[in-house]
file target_31.txt (compact mmCIF, C-alpha atoms and all ligand atoms)
# COMPACT_ATOMS: atom_id res chain seq x y z
CA MET A 267 -1.81 19.96 -17.13
CA ILE A 268 1.25 19.71 -14.84
CA ILE A 269 0.44 18.25 -11.42
CA LEU A 270 2.73 18.25 -8.38
CA GLY A 271 1.73 15.39 -6.08
CA ILE A 272 2.74 15.30 -2.41
CA GLU A 273 2.44 12.32 -0.05
CA SER A 274 3.25 12.29 3.67
CA SER A 275 0.66 9.98 5.25
CA CYS A 276 3.03 7.59 7.01
CA ASP A 277 6.80 7.13 6.85
CA GLU A 278 7.59 8.27 3.32
CA THR A 279 7.96 11.89 2.28
CA ALA A 280 7.27 11.84 -1.44
CA ALA A 281 6.78 14.26 -4.31
CA ALA A 282 6.09 13.59 -7.97
CA VAL A 283 5.43 15.61 -11.08
CA MET A 284 3.04 14.33 -13.73
CA GLU A 285 1.89 15.71 -17.03
CA ASN A 286 -1.79 14.78 -17.29
CA ASP A 287 -2.21 11.08 -16.55
CA GLU A 288 0.38 10.04 -19.08
CA ARG A 289 3.87 11.24 -18.36
CA LEU A 290 5.67 10.90 -15.05
CA LEU A 291 8.32 13.63 -15.06
CA ALA A 292 9.71 13.06 -11.55
CA ASN A 293 9.13 10.65 -8.69
CA VAL A 294 11.01 11.21 -5.43
CA VAL A 295 10.43 8.98 -2.41
CA ASN A 296 12.31 9.68 0.79
CA SER A 297 11.80 6.78 3.14
CA GLN A 298 12.12 7.15 6.93
CA ILE A 299 12.76 3.43 7.42
CA ASP A 300 16.19 3.95 9.01
CA LEU A 301 14.70 6.34 11.56
CA HIS A 302 11.94 3.95 12.67
CA ALA A 303 13.69 0.58 12.25
CA LYS A 304 15.29 0.64 15.71
CA TYR A 305 11.84 0.99 17.30
CA GLY A 306 10.41 -1.89 15.23
CA GLY A 307 7.68 0.31 13.73
CA VAL A 308 6.67 3.84 12.86
CA VAL A 309 6.84 6.32 15.77
CA PRO A 310 4.23 8.98 14.83
CA GLU A 311 5.90 11.92 16.58
CA LEU A 312 9.26 11.20 14.93
CA ALA A 313 7.56 10.71 11.57
CA SER A 314 5.92 14.13 11.52
CA ARG A 315 9.12 15.87 12.60
CA LYS A 316 11.06 14.14 9.85
CA HIS A 317 8.42 15.07 7.23
CA LEU A 318 8.83 18.68 8.30
CA GLU A 319 12.58 18.43 7.72
CA ASP A 320 12.31 16.61 4.40
CA ILE A 321 9.33 18.07 2.61
CA PHE A 322 11.09 21.14 1.22
CA PRO A 323 14.12 19.30 -0.22
CA VAL A 324 11.94 16.44 -1.55
CA VAL A 325 9.60 18.79 -3.43
CA ASP A 326 12.57 20.79 -4.64
CA GLN A 327 14.26 17.65 -5.94
CA ALA A 328 11.09 16.58 -7.77
CA LEU A 329 10.82 19.97 -9.49
CA GLN A 330 14.49 19.81 -10.46
CA GLU A 331 14.18 16.28 -11.84
CA ALA A 332 11.14 17.36 -13.87
CA ARG A 333 13.11 20.42 -15.01
CA ILE A 334 10.31 22.81 -14.10
CA THR A 335 9.72 25.62 -11.63
CA LEU A 336 6.71 26.10 -9.39
CA ASP A 337 5.37 28.66 -11.85
CA GLN A 338 4.79 25.86 -14.34
CA VAL A 339 2.72 23.77 -11.91
CA ASP A 340 -0.99 23.90 -12.80
CA GLY A 341 -2.28 21.99 -9.80
CA LEU A 342 -1.23 20.47 -6.47
CA ALA A 343 -2.49 17.07 -5.33
CA ILE A 344 -2.02 16.34 -1.66
CA THR A 345 -2.81 13.26 0.41
CA GLN A 346 -5.57 14.28 2.82
CA GLY A 347 -5.99 10.89 4.55
CA PRO A 348 -6.05 8.21 5.79
CA GLY A 349 -2.83 8.08 7.78
CA LEU A 350 -1.07 9.59 10.77
CA ILE A 351 -2.64 12.97 11.43
CA GLY A 352 0.61 14.73 12.39
CA SER A 353 2.32 13.46 9.24
CA LEU A 354 -0.62 14.28 6.97
CA LEU A 355 -0.81 17.81 8.38
CA VAL A 356 2.79 18.52 7.39
CA GLY A 357 2.02 17.79 3.73
CA LEU A 358 -1.37 19.44 3.79
CA SER A 359 -0.14 22.67 5.42
CA PHE A 360 2.82 22.78 3.08
CA ALA A 361 0.54 22.42 0.04
CA LYS A 362 -1.91 25.02 1.30
CA ALA A 363 0.90 27.53 1.88
CA LEU A 364 2.36 26.84 -1.56
CA ALA A 365 -1.06 27.20 -3.15
CA LEU A 366 -1.69 30.49 -1.39
CA VAL A 367 1.66 32.07 -2.19
CA LYS A 368 1.86 30.81 -5.77
CA LYS A 369 -1.87 30.94 -6.48
CA ILE A 370 -1.97 27.30 -7.59
CA PRO A 371 -5.24 25.33 -7.36
CA TYR A 372 -5.09 22.23 -5.16
CA VAL A 373 -7.07 19.10 -4.37
CA GLY A 374 -7.03 16.67 -1.46
CA VAL A 375 -6.54 13.04 -2.48
CA ASP A 376 -7.57 9.95 -0.56
CA HIS A 377 -4.52 7.70 -0.15
CA MET A 378 -6.62 4.62 -0.92
CA ALA A 379 -7.84 6.18 -4.17
CA GLY A 380 -4.16 6.77 -4.95
CA HIS A 381 -3.39 3.06 -4.44
CA LEU A 382 -6.46 2.08 -6.51
CA LEU A 383 -5.41 4.28 -9.44
CA SER A 384 -1.68 3.48 -9.13
CA VAL A 385 -2.27 0.61 -11.56
CA PHE A 386 -2.62 3.21 -14.34
CA LEU A 387 1.06 4.09 -13.82
CA GLY A 388 1.98 0.66 -15.21
CA LYS A 389 2.04 -0.60 -18.79
CA THR A 390 -0.89 -3.02 -18.50
CA LYS A 391 -3.93 -0.93 -17.66
CA PRO A 392 -7.23 -2.50 -16.62
CA ASP A 393 -10.57 -1.84 -18.28
CA PHE A 394 -13.48 -0.61 -16.15
CA PRO A 395 -15.16 -2.09 -14.25
CA PHE A 396 -12.50 -3.96 -12.32
CA VAL A 397 -12.12 -5.65 -8.96
CA ALA A 398 -9.10 -4.45 -6.99
CA LEU A 399 -7.33 -5.76 -3.93
CA ILE A 400 -5.49 -3.08 -1.98
CA ALA A 401 -3.19 -4.77 0.50
CA SER A 402 -1.05 -2.40 2.52
CA GLY A 403 0.19 -1.72 6.03
CA GLY A 404 -3.10 -0.17 7.05
CA HIS A 405 -5.67 -1.88 4.82
CA SER A 406 -6.64 -5.13 3.10
CA SER A 407 -9.69 -4.21 1.10
CA ILE A 408 -11.43 -5.47 -2.02
CA PHE A 409 -13.20 -2.86 -4.18
CA LEU A 410 -15.32 -2.81 -7.29
CA VAL A 411 -14.06 0.14 -9.33
CA THR A 412 -16.53 1.31 -11.98
CA ASP A 413 -14.65 4.43 -13.15
CA TYR A 414 -11.93 6.78 -11.88
CA PHE A 415 -14.19 8.10 -9.13
CA HIS A 416 -16.50 5.30 -7.99
CA TYR A 417 -15.27 2.60 -5.67
CA THR A 418 -17.55 0.15 -3.86
CA LEU A 419 -16.11 -1.64 -0.87
CA LEU A 420 -16.72 -5.42 -1.13
CA GLY A 421 -14.58 -6.70 1.70
CA ARG A 422 -12.06 -5.58 4.29
CA THR A 423 -10.03 -6.90 7.16
CA ARG A 424 -11.79 -7.39 10.45
CA ASP A 425 -8.56 -7.06 12.43
CA ASP A 426 -4.97 -6.75 11.14
CA ALA A 427 -4.15 -5.62 7.61
CA ALA A 428 -2.01 -8.02 5.53
CA GLY A 429 1.03 -5.73 5.67
CA GLU A 430 0.53 -5.31 9.41
CA ALA A 431 0.58 -9.12 9.77
CA PHE A 432 3.86 -9.27 7.83
CA ASP A 433 5.30 -6.55 10.06
CA LYS A 434 4.14 -8.21 13.30
CA VAL A 435 5.36 -11.67 12.28
CA ALA A 436 8.72 -10.16 11.34
CA LYS A 437 8.92 -8.64 14.83
CA ILE A 438 8.16 -12.05 16.41
CA LEU A 439 11.00 -13.53 14.34
CA GLY A 440 13.39 -10.72 15.24
CA LEU A 441 13.54 -9.48 11.65
CA PRO A 442 13.95 -5.80 10.78
CA TYR A 443 11.13 -3.33 10.06
CA PRO A 444 9.36 -3.24 7.63
CA GLY A 445 8.61 -6.93 7.82
CA GLY A 446 7.20 -7.53 4.34
CA PRO A 447 10.44 -7.26 2.36
CA ALA A 448 12.41 -9.11 5.08
CA ILE A 449 9.95 -12.03 5.15
CA SER A 450 9.60 -12.32 1.37
CA GLU A 451 13.39 -12.38 1.03
CA LEU A 452 13.83 -15.18 3.62
CA ALA A 453 10.81 -17.06 2.26
CA LYS A 454 12.70 -17.67 -0.99
CA ASN A 455 14.82 -20.25 0.84
CA GLY A 456 12.00 -21.82 2.80
CA ASP A 457 9.49 -24.59 2.15
CA PRO A 458 5.96 -23.11 1.94
CA ASP A 459 4.40 -26.51 2.76
CA SER A 460 6.52 -27.19 5.84
CA ILE A 461 4.17 -25.66 8.43
CA ASN A 462 0.41 -25.66 8.15
CA PHE A 463 -0.57 -22.21 9.43
CA PRO A 464 -4.35 -21.64 9.52
CA ARG A 465 -6.04 -19.82 6.66
CA SER A 466 -8.96 -17.77 7.89
CA TRP A 467 -11.78 -17.94 5.32
CA LEU A 468 -14.57 -16.61 7.61
CA GLU A 469 -18.19 -17.26 6.50
CA PRO A 470 -18.63 -18.98 3.11
CA ASP A 471 -19.86 -15.81 1.32
CA SER A 472 -17.60 -13.37 3.09
CA LEU A 473 -15.06 -11.28 1.19
CA ASP A 474 -13.62 -10.00 4.48
CA PHE A 475 -10.21 -10.92 5.81
CA SER A 476 -8.79 -11.76 9.21
CA PHE A 477 -5.06 -12.02 9.83
CA SER A 478 -4.72 -11.83 13.59
CA GLY A 479 -5.18 -15.60 14.01
CA ILE A 480 -2.25 -16.52 11.78
CA LYS A 481 -0.05 -14.02 13.60
CA THR A 482 -0.90 -15.75 16.90
CA SER A 483 -0.21 -19.16 15.32
CA VAL A 484 3.23 -18.02 14.24
CA ALA A 485 3.90 -16.65 17.75
CA ASN A 486 2.85 -20.01 19.27
CA TYR A 487 4.91 -21.97 16.77
CA VAL A 488 7.96 -19.88 17.58
CA LYS A 489 7.39 -20.35 21.31
CA GLN A 490 7.02 -24.12 21.01
CA ASN A 491 9.59 -24.89 18.36
CA LEU A 492 12.26 -22.26 18.40
CA ARG A 493 12.69 -21.28 22.03
CA ARG A 494 12.20 -24.79 23.43
CA ALA A 495 14.95 -26.23 21.29
CA PRO A 496 17.56 -23.50 21.18
CA GLN A 497 20.37 -25.92 20.37
CA ALA A 498 18.62 -27.38 17.38
CA ASP A 499 17.91 -23.86 16.40
CA GLU A 500 21.44 -22.68 16.64
CA LYS A 501 22.53 -25.49 14.33
CA ASN A 502 20.31 -24.32 11.57
CA PRO A 503 18.54 -21.13 12.48
CA SER A 504 18.01 -19.83 9.01
CA SER A 505 16.17 -22.84 7.66
CA VAL A 506 13.65 -22.86 10.51
CA THR A 507 13.04 -19.13 10.12
CA ALA A 508 12.91 -19.45 6.34
CA ASN A 509 10.30 -22.22 6.62
CA ILE A 510 8.18 -20.11 8.96
CA CYS A 511 8.43 -17.14 6.58
CA ALA A 512 7.56 -19.23 3.50
CA SER A 513 4.64 -21.02 5.17
CA PHE A 514 3.23 -17.82 6.68
CA GLN A 515 3.58 -15.95 3.38
CA GLU A 516 1.92 -18.79 1.46
CA ALA A 517 -1.11 -18.79 3.75
CA VAL A 518 -1.59 -15.01 3.55
CA VAL A 519 -1.08 -14.96 -0.23
CA ASP A 520 -3.52 -17.85 -0.71
CA VAL A 521 -6.30 -16.09 1.21
CA LEU A 522 -5.71 -12.69 -0.43
CA ALA A 523 -5.68 -14.04 -3.98
CA THR A 524 -8.48 -16.61 -3.55
CA LYS A 525 -10.88 -14.06 -2.04
CA THR A 526 -10.16 -11.50 -4.75
CA MET A 527 -10.89 -14.06 -7.50
CA LYS A 528 -14.08 -14.96 -5.67
CA ALA A 529 -15.10 -11.29 -5.69
CA CYS A 530 -14.57 -11.19 -9.46
CA ARG A 531 -16.79 -14.24 -9.98
CA LYS A 532 -19.44 -12.82 -7.67
CA LEU A 533 -19.57 -9.52 -9.61
CA ALA A 534 -18.95 -11.05 -13.05
CA ALA A 535 -15.87 -8.83 -13.42
CA THR A 536 -13.21 -9.93 -15.88
CA ASN A 537 -10.55 -7.39 -14.93
CA VAL A 538 -8.64 -7.74 -11.69
CA VAL A 539 -6.08 -5.45 -10.07
CA LEU A 540 -3.54 -5.90 -7.30
CA ALA A 541 -2.04 -2.84 -5.57
CA GLY A 542 -0.77 -1.47 -2.23
CA GLY A 543 2.52 -2.11 -0.44
CA VAL A 544 1.99 -5.87 -0.06
CA ALA A 545 1.54 -6.07 -3.86
CA ALA A 546 5.33 -5.65 -3.98
CA ASN A 547 5.51 -9.24 -2.69
CA PRO A 548 6.79 -11.44 -5.55
CA ARG A 549 4.94 -14.56 -4.41
CA LEU A 550 1.62 -12.68 -4.15
CA ARG A 551 2.15 -11.28 -7.67
CA GLU A 552 2.90 -14.77 -8.98
CA VAL A 553 -0.06 -16.54 -7.33
CA PHE A 554 -2.44 -13.68 -8.18
CA ALA A 555 -1.43 -13.78 -11.86
CA LYS A 556 -1.71 -17.59 -11.99
CA MET A 557 -5.16 -17.69 -10.38
CA ALA A 558 -6.41 -14.88 -12.63
CA ALA A 559 -5.09 -16.63 -15.75
CA ARG A 560 -6.83 -19.85 -14.74
CA GLU A 561 -10.14 -17.93 -14.54
CA GLY A 562 -9.52 -16.07 -17.80
CA PHE A 563 -9.33 -12.66 -16.08
CA LYS A 564 -7.15 -9.83 -17.32
CA VAL A 565 -4.76 -9.00 -14.49
CA SER A 566 -3.01 -5.66 -13.96
CA MET A 567 -0.62 -4.62 -11.22
CA PRO A 568 1.57 -1.54 -10.93
CA PRO A 569 5.36 -1.98 -11.10
CA THR A 570 6.60 -2.64 -7.55
CA GLN A 571 7.98 0.90 -7.10
CA PHE A 572 4.39 2.19 -7.36
CA CYS A 573 2.96 -0.43 -4.96
CA THR A 574 4.56 1.01 -1.83
CA ASP A 575 3.78 4.61 -0.90
CA ASN A 576 4.67 7.20 -3.51
CA ALA A 577 3.42 10.56 -4.78
CA ALA A 578 3.03 9.56 -8.44
CA MET A 579 -0.22 7.78 -7.55
CA ILE A 580 -1.37 10.90 -5.67
CA ALA A 581 -0.57 13.14 -8.64
CA LEU A 582 -2.45 10.77 -10.94
CA ALA A 583 -5.53 10.61 -8.70
CA GLY A 584 -5.26 14.41 -8.35
CA PHE A 585 -5.31 14.82 -12.12
CA HIS A 586 -8.62 12.95 -12.31
CA ALA A 587 -10.01 14.95 -9.37
CA PHE A 588 -9.16 18.22 -11.16
CA ARG A 589 -10.72 16.86 -14.34
CA GLN A 590 -13.90 16.27 -12.36
CA GLY A 591 -13.86 19.86 -11.06
CA ALA A 592 -12.68 19.21 -7.50
CA ALA A 593 -11.11 22.10 -5.59
CA GLY A 594 -9.42 22.28 -2.20
CA HIS A 595 -10.24 24.96 0.34
CA SER A 596 -8.30 26.51 3.21
CA ASP A 597 -10.28 24.79 6.00
CA MET A 598 -9.89 21.34 4.40
CA ASP A 599 -8.64 19.01 7.16
CA ALA A 600 -6.61 15.81 7.30
CA TYR A 601 -8.40 12.58 8.31
CA SER A 602 -7.07 9.39 9.86
CA ARG A 603 -9.70 6.97 8.46
CA SER A 604 -10.74 6.74 4.85
CA PRO A 605 -14.43 7.08 3.98
CA LEU A 606 -13.69 4.68 1.12
CA THR A 607 -12.99 1.85 3.53
CA GLU A 608 -16.15 2.33 5.59
CA LEU A 609 -19.08 0.12 4.64
CA ALA A 610 -22.06 2.03 3.21
O1 LIG B 1 1.21 0.89 0.86
P1 LIG B 1 2.29 0.95 1.87
O2 LIG B 1 3.66 1.42 1.42
O3 LIG B 1 1.87 1.85 3.09
C1 LIG B 1 0.57 1.86 3.58
O4 LIG B 1 -0.29 2.55 2.97
O5 LIG B 1 0.35 1.13 4.57
O6 LIG B 1 2.41 -0.51 2.50
C2 LIG B 1 3.38 -0.81 3.47
C3 LIG B 1 3.23 -2.25 3.86
C4 LIG B 1 4.10 -2.67 5.04
O7 LIG B 1 3.30 -3.36 5.98
C5 LIG B 1 5.14 -3.58 4.39
O8 LIG B 1 5.61 -4.60 5.27
C6 LIG B 1 4.37 -4.17 3.24
O9 LIG B 1 3.59 -3.10 2.75
N1 LIG B 1 5.26 -4.69 2.20
C7 LIG B 1 5.35 -6.00 1.88
C8 LIG B 1 6.38 -6.11 0.92
N2 LIG B 1 6.89 -4.87 0.69
C9 LIG B 1 6.17 -4.00 1.48
N3 LIG B 1 4.65 -7.07 2.34
C10 LIG B 1 4.97 -8.27 1.84
N4 LIG B 1 5.96 -8.47 0.95
C11 LIG B 1 6.69 -7.44 0.46
N5 LIG B 1 7.67 -7.65 -0.41
ZN ZN B 2 -0.09 3.23 1.23
call {"tool": "encode", "arguments": {"input": "target_31.txt", "output": "structure tokens", "more": "lines below"}}
Ligand code: KG4
Ligand code: ZN
result
Amino acid sequence: MIILGIESSCDETAAAVMENDERLLANVVNSQIDLHAKYGGVVPELASRKHLEDIFPVVDQALQEARITLDQVDGLAITQGPGLIGSLLVGLSFAKALALVKKIPYVGVDHMAGHLLSVFLGKTKPDFPFVALIASGGHSSIFLVTDYFHYTLLGRTRDDAAGEAFDKVAKILGLPYPGGPAISELAKNGDPDSINFPRSWLEPDSLDFSFSGIKTSVANYVKQNLRRAPQADEKNPSSVTANICASFQEAVVDVLATKTMKACRKLAATNVVLAGGVAANPRLREVFAKMAAREGFKVSMPPTQFCTDNAAMIALAGFHAFRQGAAGHSDMDAYSRSPLTELA
């Protein structure tokens, strides 16, 4: 079965072509970062307009790279939510129109399910059941995944998502959007033990996260140490900023990885997965792998190109949805919040 996956939930217009769940024939990601960077974050109205401009050429490019025509597509997989409604609607309407004209069946895919299954795009695949941490710009959630379709939410953030914290801290430090890559790059030259930012563990049994406190701590640190001593700063600005980045990153990584391992122990799971945009962070990958090895868990994470938003993960999740008999319908609507991340 040839699946064309389309993703437009935030600031990436993406299209991918997959043959079953095995062969990725094309993977095109058109990022809008340049458009939003000057505003320090995604501007929803601009995002949806840009998706409208880009969706045709992106899908066209994916078909060309896969060396197929639309007539060879057996199914369309389209991100239905969660995300920015205006952006989602561009992809969803495009897919519905394509499906109608070309008589191709289609399914709506939850973006979080896409991130959860993105690990199957990598070489090391987990065995079910597994515990998965999805850390992205919108979510920091721990799930128990029992098969391709069943995900139980074990923990989630009570305020900011991990990626959101990276983005906000980057803004405080005057670094470009998106903050995650900028901070992880600077952190390489910093000392992770130089500043003791607070780690929020919440109640002893809790698998939830909270990242708004550390963001405030960084803001206070910057106010007290950077702006009060501008001369000292000017002498060596990069090392101070690098130390803040490294210490902040270390604290977030520590909490994310420790809580996920705790979830595995609690559920007696021996397979653990890391995915979502923040999973592109090299230090998180390293600490996660080390902690999992110490516990004897098998760890799987997608290659970094499949951690941040892409349509390959949507095509893959779509393949499994088709296999299960799912079918889209013309009044299917986009949604901003995922039912998967709501507690039962
Ligand atoms: O999954 P994703 O592409 O979009 C959402 O579904 O939200 O995740 C984007 C988030 C952004 O907050 C970005 O700063 C973060 O992932 N991110 C990173 C890194 N690369 C991307 N965070 C930390 N370190 C990175 N290297
Ligand atoms: Zn995402």
call {"tool": "closest_residue", "arguments": {"input": "target_31.txt", "among": "A:Ser314, A:Thr524, A:Ser407, A:Ser275", "to": "Arg465 of chain A", "atoms": "all atoms listed in the file"}}
result
A:Thr524
call {"tool": "residues_around", "arguments": {"input": "target_31.txt", "residues": "Asp413 of chain A", "least_positions_apart": "5", "cutoff": "12 Å", "atoms": "all atoms listed in the file", "output": "count of residues only"}}
result
13
call {"tool": "closest_atom_pairs", "arguments": {"input": "target_31.txt", "of": "chain A", "to": "ligand ZN 2 (chain B)", "cutoff": "8 Å", "atoms": "only C-alpha atoms and all ligand atoms", "output": "tab-separated table"}}
result
residue	atom	partner	partner_atom	distance
A:Ser275	CA	B:ZN2	ZN	7.9
A:Cys276	CA	B:ZN2	ZN	7.9
A:His377	CA	B:ZN2	ZN	6.4
A:Met378	CA	B:ZN2	ZN	7.0
A:His381	CA	B:ZN2	ZN	6.6
A:Ser402	CA	B:ZN2	ZN	5.9
A:Gly403	CA	B:ZN2	ZN	6.9
A:Gly404	CA	B:ZN2	ZN	7.4
A:Gly542	CA	B:ZN2	ZN	5.9
A:Gly543	CA	B:ZN2	ZN	6.2
A:Cys573	CA	B:ZN2	ZN	7.8
A:Thr574	CA	B:ZN2	ZN	6.0
A:Asp575	CA	B:ZN2	ZN	4.6
A:Asn576	CA	B:ZN2	ZN	7.8
call {"tool": "residues_around", "arguments": {"input": "target_31.txt", "residues": "segment 597-603 of chain A", "least_positions_apart": "4", "cutoff": "6 Å", "atoms": "all atoms listed in the file", "output": "PyMOL selection string"}}
result
chain A and resi 346-349+351
call {"tool": "residues_near_ligand", "arguments": {"input": "target_31.txt", "ligand": "ligand LIG 1 (chain B)", "cutoff": "10 Å", "atoms": "only C-alpha atoms and all ligand atoms", "output": "ChimeraX atom specification"}}
result
/A:275-278,297,307,348-349,377-378,380-381,400-406,427-436,443-451,453,515,518-519,541-551,570-576
call {"tool": "axis_aligned_box", "arguments": {"input": "target_31.txt", "around": "segment 425-430 of chain A", "padding_each_side": "5 Å", "output": "AutoDock Vina command-line options"}}
result
--center_x -3.8 --center_y -6.7 --center_z 9.0 --size_x 19.6 --size_y 12.7 --size_z 16.9
call {"tool": "atom_distance", "arguments": {"input": "target_31.txt", "atom1": "atom CA of Thr345 of chain A", "atom2": "atom CA of Ala577 of chain A"}}
result
8.5 Å
call {"tool": "atom_distance", "arguments": {"input": "target_31.txt", "atom1": "atom CA of Phe554 of chain A", "atom2": "atom CA of Ala523 of chain A"}}
result
5.3 Å
call {"tool": "atom_distance", "arguments": {"input": "target_31.txt", "atom1": "atom CA of Leu270 of chain A", "atom2": "atom CA of Leu312 of chain A"}}
result
25.2 Å
call {"tool": "closest_residue", "arguments": {"input": "target_31.txt", "among": "A:Ser566, A:Ser604, A:Asn286, A:Thr279", "to": "Lys316 of chain A", "atoms": "all atoms listed in the file"}}
result
A:Thr279
call {"tool": "residues_near_point", "arguments": {"input": "target_31.txt", "point": "(-1.4, 27.7, -6.2)", "cutoff": "10 Å", "atoms": "only C-alpha atoms", "output": "number ranges by chain"}}
result
A: 336-337, 339-342, 361-372
call {"tool": "closest_residue", "arguments": {"input": "target_31.txt", "among": "A:Thr507, A:Ser359, A:Thr335, A:Ser513", "to": "Leu439 of chain A", "atoms": "all atoms listed in the file"}}
result
A:Thr507
call {"tool": "closest_residue", "arguments": {"input": "target_31.txt", "among": "A:Val506, A:Ala535, A:Leu291, A:Leu358", "to": "Gly562 of chain A", "atoms": "all atoms listed in the file"}}
result
A:Ala535
call {"tool": "closest_residue", "arguments": {"input": "target_31.txt", "among": "A:Leu290, A:Ile408, A:Leu387, A:Ile269", "to": "Leu533 of chain A", "atoms": "only C-alpha atoms"}}
result
A:Ile408
call {"tool": "residues_around", "arguments": {"input": "target_31.txt", "residues": "Lys389 of chain A", "least_positions_apart": "4", "cutoff": "10 Å", "atoms": "only C-alpha atoms", "output": "PyMOL selection string"}}
result
chain A and resi 385+566-569
call {"tool": "residues_near_point", "arguments": {"input": "target_31.txt", "point": "(-7.8, 18.3, -7.0)", "cutoff": "8 Å", "atoms": "all atoms listed in the file", "output": "PyMOL selection string"}}
result
chain A and resi 341-343+371-375+584-588+591-594
call {"tool": "write_last_selection", "arguments": {"input": "target_31.txt", "atoms": "C-alpha atoms", "output": "compact mmCIF listing (two decimals), keeping the file's coordinate frame"}}
result
# COMPACT_ATOMS: atom_id res chain seq x y z
CA GLY A 341 -2.28 21.99 -9.80
CA LEU A 342 -1.23 20.47 -6.47
CA ALA A 343 -2.49 17.07 -5.33
CA PRO A 371 -5.24 25.33 -7.36
CA TYR A 372 -5.09 22.23 -5.16
CA VAL A 373 -7.07 19.10 -4.37
CA GLY A 374 -7.03 16.67 -1.46
CA VAL A 375 -6.54 13.04 -2.48
CA GLY A 584 -5.26 14.41 -8.35
CA PHE A 585 -5.31 14.82 -12.12
CA HIS A 586 -8.62 12.95 -12.31
CA ALA A 587 -10.01 14.95 -9.37
CA PHE A 588 -9.16 18.22 -11.16
CA GLY A 591 -13.86 19.86 -11.06
CA ALA A 592 -12.68 19.21 -7.50
CA ALA A 593 -11.11 22.10 -5.59
CA GLY A 594 -9.42 22.28 -2.20
call {"tool": "build_atoms", "arguments": {"input": "target_31.txt", "residues": "segment 515-519 of chain A", "atoms": "all heavy atoms", "output": "compact mmCIF listing (two decimals), in the coordinates of the input"}}
result
# COMPACT_ATOMS: atom_id res chain seq x y z
N GLN A 515 3.83 -16.72 4.61
CA GLN A 515 3.58 -15.95 3.38
C GLN A 515 2.59 -16.69 2.48
O GLN A 515 1.67 -16.08 1.92
CB GLN A 515 4.91 -15.73 2.65
CG GLN A 515 4.76 -15.05 1.31
CD GLN A 515 6.11 -14.79 0.65
OE1 GLN A 515 6.74 -13.77 0.87
NE2 GLN A 515 6.56 -15.73 -0.16
N GLU A 516 2.79 -18.00 2.34
CA GLU A 516 1.92 -18.79 1.46
C GLU A 516 0.46 -18.72 1.91
O GLU A 516 -0.45 -18.59 1.09
CB GLU A 516 2.42 -20.25 1.45
CG GLU A 516 1.95 -21.05 0.26
CD GLU A 516 2.48 -20.53 -1.08
OE1 GLU A 516 3.43 -19.72 -1.10
OE2 GLU A 516 1.93 -20.94 -2.12
N ALA A 517 0.26 -18.82 3.22
CA ALA A 517 -1.11 -18.79 3.75
C ALA A 517 -1.76 -17.44 3.50
O ALA A 517 -2.91 -17.36 3.05
CB ALA A 517 -1.09 -19.11 5.24
N VAL A 518 -1.03 -16.35 3.74
CA VAL A 518 -1.59 -15.01 3.55
C VAL A 518 -1.88 -14.77 2.07
O VAL A 518 -2.96 -14.29 1.69
CB VAL A 518 -0.63 -13.92 4.11
CG1 VAL A 518 -1.12 -12.52 3.75
CG2 VAL A 518 -0.50 -14.05 5.62
N VAL A 519 -0.93 -15.14 1.23
CA VAL A 519 -1.08 -14.96 -0.23
C VAL A 519 -2.28 -15.75 -0.75
O VAL A 519 -3.08 -15.25 -1.54
CB VAL A 519 0.23 -15.40 -0.93
CG1 VAL A 519 0.01 -15.67 -2.41
CG2 VAL A 519 1.32 -14.33 -0.73
